[in-house]
file model24.txt (compact mmCIF, C-alpha atoms and all ligand atoms)
# COMPACT_ATOMS: atom_id res chain seq x y z
CA MET U 1 0.00 0.00 0.00
CA ARG U 2 1.71 3.18 -1.18
CA HIS U 3 -1.06 5.75 -0.59
CA LEU U 4 -4.54 5.70 0.92
CA LEU U 5 -6.67 7.74 -1.46
CA SER U 6 -9.88 5.72 -1.69
CA ALA U 7 -11.60 3.03 0.35
CA ALA U 8 -11.56 1.06 -2.91
CA ASP U 9 -7.75 0.90 -2.72
CA LEU U 10 -8.08 -1.74 0.01
CA ASP U 11 -8.89 -5.41 -0.41
CA LEU U 12 -10.41 -7.46 2.41
CA ALA U 13 -7.04 -8.65 3.69
CA GLU U 14 -5.76 -5.06 3.90
CA VAL U 15 -8.91 -3.79 5.62
CA THR U 16 -8.74 -6.64 8.12
CA SER U 17 -5.07 -5.99 8.77
CA ILE U 18 -5.72 -2.26 9.36
CA LEU U 19 -8.60 -3.01 11.76
CA ASP U 20 -6.64 -5.71 13.61
CA VAL U 21 -3.55 -3.55 14.09
CA ALA U 22 -5.85 -0.69 15.18
CA GLU U 23 -7.03 -2.95 17.99
CA ASP U 24 -3.47 -3.19 19.30
CA MET U 25 -3.02 0.55 18.83
CA HIS U 26 -6.23 1.19 20.76
CA GLN U 27 -4.62 -0.19 23.90
CA VAL U 28 -2.03 2.59 23.82
CA GLN U 29 -4.86 5.04 24.43
CA SER U 30 -5.50 3.73 27.94
CA ARG U 31 -1.85 3.68 28.98
CA PRO U 32 -0.31 6.41 31.12
CA VAL U 33 2.57 6.68 28.61
CA LYS U 34 1.03 6.91 25.17
CA LYS U 35 4.03 6.33 22.97
CA LEU U 36 5.28 3.63 20.62
CA PRO U 37 8.60 3.98 18.81
CA ALA U 38 7.29 2.61 15.46
CA LEU U 39 7.61 5.78 13.35
CA ARG U 40 10.57 7.42 15.05
CA GLY U 41 12.45 9.60 12.59
CA ARG U 42 9.51 9.82 10.16
CA THR U 43 7.98 13.19 9.28
CA ILE U 44 4.25 13.58 8.67
CA VAL U 45 2.73 16.83 7.43
CA ASN U 46 -0.99 17.33 8.03
CA ILE U 47 -2.08 19.86 5.45
CA PHE U 48 -5.70 20.94 5.76
CA PHE U 49 -7.28 23.35 3.30
CA GLU U 50 -10.71 22.91 4.93
CA ASP U 51 -11.91 23.27 8.50
CA SER U 52 -11.51 20.24 10.72
CA THR U 53 -11.36 19.46 14.41
CA ARG U 54 -11.51 15.72 14.91
CA THR U 55 -9.80 14.49 11.75
CA ARG U 56 -6.83 16.83 11.97
CA THR U 57 -6.37 16.38 15.71
CA SER U 58 -6.68 12.63 15.57
CA PHE U 59 -4.13 12.34 12.76
CA GLU U 60 -1.78 14.56 14.76
CA ILE U 61 -2.23 12.51 17.93
CA ALA U 62 -1.85 9.28 15.92
CA GLY U 63 1.46 10.44 14.45
CA LYS U 64 2.75 11.65 17.82
CA TRP U 65 1.85 8.43 19.64
CA LEU U 66 3.85 6.55 17.02
CA SER U 67 6.80 8.91 17.68
CA ALA U 68 6.73 10.51 14.21
CA ASP U 69 7.47 14.22 13.87
CA THR U 70 4.15 15.76 12.93
CA VAL U 71 3.74 19.22 11.47
CA ASN U 72 0.41 20.95 10.85
CA VAL U 73 -0.11 23.31 7.95
CA SER U 74 -3.41 25.08 7.46
CA ALA U 75 -4.39 27.03 4.37
CA LYS U 76 -4.89 30.16 6.41
CA GLY U 77 -1.43 31.48 7.22
CA SER U 78 0.33 29.44 4.51
CA SER U 79 1.56 30.74 1.17
CA VAL U 80 -1.64 29.37 -0.40
CA SER U 81 -3.24 32.59 0.81
CA LYS U 82 -0.52 34.45 -1.15
CA GLY U 83 -1.75 32.79 -4.34
CA GLU U 84 0.66 29.86 -4.60
CA SER U 85 -0.71 26.88 -6.54
CA LEU U 86 -1.44 23.60 -4.77
CA ARG U 87 1.25 21.92 -6.87
CA ASP U 88 3.94 24.43 -5.90
CA THR U 89 2.96 24.29 -2.23
CA MET U 90 3.13 20.50 -2.20
CA LEU U 91 6.39 20.29 -4.16
CA THR U 92 7.93 22.82 -1.75
CA LEU U 93 6.99 20.76 1.29
CA ASP U 94 7.97 17.53 -0.46
CA ALA U 95 11.44 18.95 -1.13
CA MET U 96 11.94 19.28 2.65
CA GLY U 97 12.00 15.48 2.96
CA VAL U 98 8.48 14.80 4.23
CA ASP U 99 7.58 11.08 4.45
CA CYS U 100 3.81 11.41 4.42
CA PHE U 101 1.17 14.02 3.67
CA VAL U 102 -2.25 13.83 5.25
CA ILE U 103 -4.33 16.12 3.11
CA ARG U 104 -7.83 17.58 3.22
CA HIS U 105 -9.00 19.74 0.34
CA SER U 106 -12.32 21.03 -0.92
CA SER U 107 -11.74 19.69 -4.44
CA SER U 108 -12.66 16.11 -5.27
CA GLY U 109 -9.57 14.33 -6.56
CA ALA U 110 -7.09 16.69 -4.85
CA ALA U 111 -5.39 13.93 -2.84
CA ALA U 112 -4.88 11.77 -5.94
CA GLN U 113 -3.44 14.76 -7.80
CA VAL U 114 -1.02 15.43 -4.97
CA ALA U 115 -0.01 11.76 -4.90
CA SER U 116 0.93 12.02 -8.57
CA TRP U 117 3.24 14.98 -7.85
CA VAL U 118 5.10 14.16 -4.63
CA LYS U 119 7.60 11.52 -3.54
CA ALA U 120 5.99 11.22 -0.09
CA ARG U 121 3.08 8.96 0.71
CA VAL U 122 -0.37 10.52 0.74
CA VAL U 123 -3.41 9.89 2.92
CA ASN U 124 -6.69 11.39 1.78
CA ALA U 125 -8.32 13.02 4.83
CA GLY U 126 -11.30 14.20 2.77
CA ASP U 127 -11.38 15.51 -0.80
CA GLY U 128 -14.45 17.59 -1.57
CA GLN U 129 -17.54 15.43 -1.95
CA HIS U 130 -15.51 12.46 -3.07
CA GLU U 131 -13.95 10.29 -0.34
CA HIS U 132 -12.80 10.07 3.25
CA PRO U 133 -11.34 6.58 3.58
CA THR U 134 -10.04 6.77 7.16
CA GLN U 135 -13.52 7.81 8.31
CA ALA U 136 -15.00 4.67 6.72
CA LEU U 137 -12.27 2.58 8.36
CA LEU U 138 -12.93 4.01 11.81
CA ASP U 139 -16.66 3.54 11.28
CA ALA U 140 -16.02 -0.10 10.39
CA TYR U 141 -13.82 -0.47 13.47
CA SER U 142 -16.56 0.87 15.76
CA MET U 143 -19.21 -1.27 14.09
CA ARG U 144 -17.07 -4.39 14.40
CA GLN U 145 -16.55 -3.74 18.13
CA HIS U 146 -20.28 -3.21 18.49
CA PHE U 147 -21.18 -6.43 16.63
CA ARG U 148 -18.73 -8.37 18.75
CA ALA U 149 -20.14 -6.94 21.98
CA GLN U 150 -23.68 -7.75 20.82
CA ALA U 151 -22.98 -11.34 19.93
CA PRO U 152 -19.83 -12.65 21.53
CA VAL U 153 -18.62 -15.57 19.42
CA THR U 154 -15.88 -17.97 20.25
CA ALA U 155 -15.08 -19.12 16.74
CA GLY U 156 -15.14 -15.80 14.84
CA PRO U 157 -16.36 -15.42 11.26
CA GLU U 158 -15.81 -18.14 8.67
CA GLN U 159 -12.78 -18.02 6.42
CA GLY U 160 -13.27 -15.38 3.71
CA SER U 161 -16.21 -13.83 5.58
CA THR U 162 -16.42 -11.08 8.21
CA GLU U 163 -18.56 -9.97 11.14
CA PHE U 164 -20.29 -7.72 8.61
CA ALA U 165 -21.84 -10.55 6.58
CA GLY U 166 -25.64 -10.41 6.88
CA LYS U 167 -25.59 -7.02 8.61
CA ARG U 168 -27.74 -4.16 7.33
CA ILE U 169 -26.39 -0.63 7.60
CA ALA U 170 -28.53 2.44 6.92
CA ILE U 171 -26.75 5.65 5.92
CA VAL U 172 -29.15 8.53 6.25
CA GLY U 173 -29.19 12.17 5.19
CA ASP U 174 -27.15 14.46 3.00
CA LEU U 175 -25.75 11.84 0.63
CA LEU U 176 -25.21 14.39 -2.11
CA HIS U 177 -22.48 16.33 -0.32
CA SER U 178 -21.04 13.46 1.69
CA ARG U 179 -17.61 11.96 1.09
CA VAL U 180 -18.26 9.79 4.14
CA VAL U 181 -21.05 7.89 2.40
CA ARG U 182 -18.97 7.22 -0.71
CA SER U 183 -16.09 5.74 1.27
CA ASN U 184 -18.46 3.76 3.46
CA VAL U 185 -20.31 2.22 0.51
CA LEU U 186 -16.99 1.11 -1.02
CA LEU U 187 -15.57 -0.24 2.23
CA GLN U 188 -18.77 -1.99 3.29
CA ARG U 189 -18.91 -3.69 -0.10
CA THR U 190 -15.49 -5.17 0.67
CA LEU U 191 -16.60 -6.17 4.18
CA GLY U 192 -19.78 -7.82 2.93
CA SER U 193 -22.59 -5.90 4.65
CA GLU U 194 -25.75 -4.64 2.98
CA VAL U 195 -26.01 -0.83 2.82
CA VAL U 196 -29.34 1.00 2.59
CA LEU U 197 -29.19 4.66 1.59
CA VAL U 198 -31.89 6.99 2.89
CA ALA U 199 -32.32 10.60 1.73
CA PRO U 200 -34.77 13.05 0.23
CA PRO U 201 -34.66 12.97 -3.60
CA THR U 202 -32.94 16.39 -3.67
CA LEU U 203 -30.00 15.06 -1.67
CA LEU U 204 -29.35 11.98 -3.81
CA PRO U 205 -26.21 12.12 -5.97
CA THR U 206 -26.63 11.43 -9.66
CA GLY U 207 -25.69 7.88 -10.57
CA ILE U 208 -26.56 6.53 -7.10
CA GLU U 209 -28.39 3.65 -8.79
CA THR U 210 -25.00 2.33 -9.91
CA TRP U 211 -23.69 2.09 -6.32
CA GLY U 212 -25.32 -1.31 -5.80
CA CYS U 213 -27.30 -0.25 -2.71
CA GLU U 214 -30.99 -0.08 -1.88
CA VAL U 215 -32.09 3.57 -2.01
CA THR U 216 -35.20 4.88 -0.27
CA GLY U 217 -36.81 8.05 1.06
CA ASP U 218 -38.67 6.21 3.81
CA LEU U 219 -36.56 6.10 6.97
CA ASP U 220 -39.38 4.65 9.08
CA ALA U 221 -39.68 1.66 6.77
CA VAL U 222 -36.01 0.66 7.09
CA LEU U 223 -35.24 1.55 10.73
CA PRO U 224 -36.53 -1.65 12.36
CA SER U 225 -34.40 -3.88 10.13
CA CYS U 226 -31.01 -2.15 10.41
CA ASP U 227 -28.12 -3.18 12.66
CA ILE U 228 -26.42 0.20 12.30
CA VAL U 229 -28.00 3.57 11.60
CA MET U 230 -25.45 6.14 10.46
CA MET U 231 -26.71 9.70 10.42
CA LEU U 232 -24.93 12.23 8.22
CA ARG U 233 -24.61 15.92 8.87
CA VAL U 234 -26.69 18.32 6.84
CA GLN U 235 -23.78 20.11 5.15
CA ARG U 236 -25.06 23.65 5.01
CA GLU U 237 -21.67 25.06 3.94
CA ARG U 238 -21.82 23.03 0.70
CA MET U 239 -25.42 23.88 -0.06
CA ALA U 240 -26.00 26.58 -2.59
CA GLY U 241 -29.78 26.41 -2.65
CA GLY U 242 -32.90 25.02 -1.02
CA TYR U 243 -32.54 21.27 -0.91
CA PHE U 244 -35.40 20.98 1.58
CA PRO U 245 -38.04 23.44 2.77
CA THR U 246 -37.07 23.91 6.43
CA ALA U 247 -34.84 22.27 9.01
CA ARG U 248 -37.97 21.26 10.93
CA GLU U 249 -39.43 19.47 7.97
CA TYR U 250 -36.11 17.70 7.35
CA THR U 251 -36.03 16.52 10.98
CA GLU U 252 -39.58 15.27 10.75
CA ARG U 253 -38.82 13.02 7.81
CA PHE U 254 -35.12 12.22 8.12
CA GLY U 255 -34.02 13.03 11.68
CA LEU U 256 -33.19 10.36 14.24
CA THR U 257 -35.75 11.67 16.69
CA GLU U 258 -36.54 10.22 20.08
CA GLU U 259 -39.54 8.37 18.58
CA ARG U 260 -37.41 6.85 15.85
CA LEU U 261 -34.80 5.86 18.41
CA ALA U 262 -37.48 3.68 20.02
CA ALA U 263 -38.34 2.14 16.62
CA MET U 264 -34.79 0.89 15.98
CA LYS U 265 -33.95 -2.79 15.99
CA PRO U 266 -33.01 -3.85 19.54
CA GLY U 267 -29.23 -3.71 19.96
CA ALA U 268 -28.67 -1.65 16.83
CA GLY U 269 -25.90 0.97 16.98
CA ILE U 270 -26.04 4.66 16.08
CA CYS U 271 -23.14 6.27 14.21
CA HIS U 272 -22.44 9.85 13.19
CA PRO U 273 -19.10 11.04 11.77
CA GLY U 274 -19.46 14.44 13.43
CA PRO U 275 -19.77 17.31 13.69
CA MET U 276 -23.42 16.78 14.69
CA ASN U 277 -26.25 19.23 14.18
CA ARG U 278 -28.18 18.27 17.31
CA GLY U 279 -31.88 18.75 16.80
CA VAL U 280 -31.58 18.58 12.99
CA GLU U 281 -30.39 15.17 11.73
CA ILE U 282 -29.98 13.69 15.21
CA SER U 283 -31.75 14.34 18.50
CA SER U 284 -29.78 14.63 21.72
CA ALA U 285 -31.65 11.56 22.95
CA ALA U 286 -30.15 9.55 20.07
CA ALA U 287 -26.70 11.16 20.14
CA ASP U 288 -26.31 10.41 23.85
CA ALA U 289 -28.16 7.07 23.89
CA ALA U 290 -26.55 3.96 25.37
CA ASN U 291 -26.37 2.46 21.87
CA SER U 292 -24.75 5.59 20.37
CA LEU U 293 -21.26 4.83 19.03
CA VAL U 294 -20.41 8.48 18.38
CA LEU U 295 -17.65 8.81 20.97
CA ASP U 296 -16.41 5.28 20.27
CA GLN U 297 -15.95 6.42 16.69
CA VAL U 298 -13.83 9.36 17.82
CA ALA U 299 -11.67 7.12 20.02
CA ALA U 300 -11.39 4.59 17.18
CA GLY U 301 -10.28 7.41 14.89
CA VAL U 302 -6.93 7.75 16.64
CA ALA U 303 -6.29 3.99 16.71
CA VAL U 304 -7.29 3.48 13.08
CA ARG U 305 -5.16 6.39 11.90
CA MET U 306 -2.21 5.04 13.88
CA SER U 307 -2.73 1.76 12.09
CA VAL U 308 -3.00 3.41 8.65
CA LEU U 309 0.17 5.43 9.23
CA TYR U 310 1.92 2.31 10.47
CA HIS U 311 0.84 0.35 7.39
CA LEU U 312 2.14 3.12 5.12
CA LEU U 313 5.36 4.02 6.89
CA GLY U 314 6.14 1.39 9.48
CA SER U 315 7.47 -1.54 7.52
CA ASP U 316 10.93 -1.99 6.02
CA GLU U 317 9.25 -2.07 2.65
CA GLY U 318 7.89 1.40 3.41
CA ALA U 319 11.37 2.68 4.20
CA ASP U 320 12.74 1.37 0.91
CA GLN U 321 10.14 2.66 -1.53
C1 LIG K 401 -16.95 14.60 7.91
C2 LIG K 401 -16.16 15.30 6.82
O1 LIG K 401 -15.49 16.28 7.06
O2 LIG K 401 -16.24 14.79 5.71
N1 LIG K 401 -16.47 14.88 9.19
C3 LIG K 401 -15.40 14.23 9.67
O3 LIG K 401 -14.38 14.07 9.03
N2 LIG K 401 -15.50 13.75 10.92
C4 LIG K 401 -18.39 14.78 7.77
C5 LIG K 401 -18.96 16.16 7.88
O4 LIG K 401 -18.26 17.15 7.79
O5 LIG K 401 -20.17 16.21 8.03
call {"tool": "encode", "arguments": {"input": "model24.txt", "output": "C-alpha cells", "more": "lines below"}}
Ligand code: NCD
result
Amino acid sequence: MRHLLSAADLDLAEVTSILDVAEDMHQVQSRPVKKLPALRGRTIVNIFFEDSTRTRTSFEIAGKWLSADTVNVSAKGSSVSKGESLRDTMLTLDAMGVDCFVIRHSSSGAAAQVASWVKARVVNAGDGQHEHPTQALLDAYSMRQHFRAQAPVTAGPEQGSTEFAGKRIAIVGDLLHSRVVRSNVLLQRTLGSEVVLVAPPTLLPTGIETWGCEVTGDLDAVLPSCDIVMMLRVQRERMAGGYFPTAREYTERFGLTEERLAAMKPGAGICHPGPMNRGVEISSAAADAANSLVLDQVAAGVAVRMSVLYHLLGSDEGADQ
C-alpha cells in the first residue's frame, strides 16, 4: 500500500489488517505513557485546506503516539493565501523530505493529484464530496466492536467472511455532499454488509443507482431492520440552494428523533461522523443514547489512523520505496 486515497484501494485482507492492528493501537490510548517507537524519525505533514477538528487532531495525535514528527499546515497562514498553486505548495513541502502528507481539500480528486506529484506517501483526509477513507475505516472499526459486543462468538467469522456478513447498515441524510457515504459504501462492499441509503430525492447524488445499494426516502420503513443507523450531517456550507423546505421538515422526515430511536432494531448501533447538528439530523436523545457509538468512533479514529500510518510508513518495505 503506497497511498490511501480511496476506500476502494483496500482489499479485504488489507482492511482486516488495518482493523486488527488498530485494535493493538487502541490499547495505547489507555496507557499512562502513550508512545510507541514505530515511526521514530519519520515526518508527517498534516495539510488541511478545509476546517476540521476531529480528523486533523486525531491524525496529529496518531502520528505523535507513534513517535513521528508531525507538522500541521493550514491554508490560512500558509503561502496558499498568497496565491501559490497547490502543486507548488506541495512540491515545496515535499522537497523538505516529508515522508507522508495527510491532506484535506475542498476539491474532489485533490489527494490523488497530490499523490501524482510528490515523492511522499499521501493519505486522503477528505477531498471535496468524493472520499474520506479513514472515516470509513474508523466507522467499520466501531461497528465491528459493536457487533462483537452484541454477539460474543468464540469461533469468529468463517474463512473469507467477516462480522459484517448479513448485517444491514442504513446511511441517512445528506448523501449528495457526503464523502463519508462514498467511502463507506466502497468499504462496506469489501466487508460484505448490505447498505441502505436513505435521503430526500434532492440530496441523492446522480448515478446513485449504480452504487449497488438499496435507495429509499422512507426512513421509518427501514429503521426496524437495520443493525447500524449512520446519520450524516446536513452540510449547510456546501449547499448553494434550497434542498429541503425547512430544518424542521427535514427533521420530521429524516431526523433520528426520540420516537425513531425507540423504533430501531433492539441492539442496533447509532453512528455519526461528526460534527453533529443536534436537533436537525440527530436528537440529543439519540446522540447520547446507550447504543450511540459516536464517541467510540472518535476514540477509534486515533487507533485506526495510527494503524493506517503504520501500514504506510512502518514496515521496512515502506522505508525502501
Ligand atoms: C466529515 C467530513 O469532514 O467529511 N467529518 C469528519 O471528518 N468527521 C463529515 C462532515 O463534515 O459532516
call {"tool": "residues_near_ligand", "arguments": {"input": "model24.txt", "ligand": "ligand LIG 401 (chain K)", "cutoff": "10 Å", "atoms": "only C-alpha atoms and all ligand atoms", "output": "PyMOL selection string"}}
result
chain U and resi 50-56+104-106+125-136+174+177-181+231-238+272-277+297-298+301
call {"tool": "atom_distance", "arguments": {"input": "model24.txt", "atom1": "atom CA of U:Leu309", "atom2": "atom CA of U:Gly156"}}
result
26.8 Å
call {"tool": "residues_around", "arguments": {"input": "model24.txt", "residues": "U:Asp24", "least_positions_apart": "2", "cutoff": "10 Å", "atoms": "only C-alpha atoms", "output": "list in words"}}
result
Leu19, Asp20, Val21, Ala22, His26, Gln27, Val28, Gln29, Ala303, Val304, Met306 and Ser307 of chain U
call {"tool": "closest_residue", "arguments": {"input": "model24.txt", "among": "U:Met143, U:Leu39, U:Ala120, U:Ala300", "to": "U:Ala95", "atoms": "only C-alpha atoms"}}
result
U:Ala120
call {"tool": "residues_around", "arguments": {"input": "model24.txt", "residues": "U:Ala287", "least_positions_apart": "4", "cutoff": "10 Å", "atoms": "all atoms listed in the file", "output": "PyMOL selection string"}}
result
chain U and resi 231+256-258+261+270-272+276+278-279+282-283+291-295
call {"tool": "write_last_selection", "arguments": {"input": "model24.txt", "atoms": "C-alpha atoms", "output": "PDB file, in the frame of the given file"}}
result
ATOM      1  CA  MET U 231     -26.710   9.700  10.420  1.00  0.00           C
ATOM      2  CA  LEU U 256     -33.190  10.360  14.240  1.00  0.00           C
ATOM      3  CA  THR U 257     -35.750  11.670  16.690  1.00  0.00           C
ATOM      4  CA  GLU U 258     -36.540  10.220  20.080  1.00  0.00           C
ATOM      5  CA  LEU U 261     -34.800   5.860  18.410  1.00  0.00           C
ATOM      6  CA  ILE U 270     -26.040   4.660  16.080  1.00  0.00           C
ATOM      7  CA  CYS U 271     -23.140   6.270  14.210  1.00  0.00           C
ATOM      8  CA  HIS U 272     -22.440   9.850  13.190  1.00  0.00           C
ATOM      9  CA  MET U 276     -23.420  16.780  14.690  1.00  0.00           C
ATOM     10  CA  ARG U 278     -28.180  18.270  17.310  1.00  0.00           C
ATOM     11  CA  GLY U 279     -31.880  18.750  16.800  1.00  0.00           C
ATOM     12  CA  ILE U 282     -29.980  13.690  15.210  1.00  0.00           C
ATOM     13  CA  SER U 283     -31.750  14.340  18.500  1.00  0.00           C
ATOM     14  CA  ASN U 291     -26.370   2.460  21.870  1.00  0.00           C
ATOM     15  CA  SER U 292     -24.750   5.590  20.370  1.00  0.00           C
ATOM     16  CA  LEU U 293     -21.260   4.830  19.030  1.00  0.00           C
ATOM     17  CA  VAL U 294     -20.410   8.480  18.380  1.00  0.00           C
ATOM     18  CA  LEU U 295     -17.650   8.810  20.970  1.00  0.00           C
TER      19      LEU U 295
END
call {"tool": "atom_distance", "arguments": {"input": "model24.txt", "atom1": "atom CA of U:Ala199", "atom2": "atom CA of U:Ala111"}}
result
27.5 Å
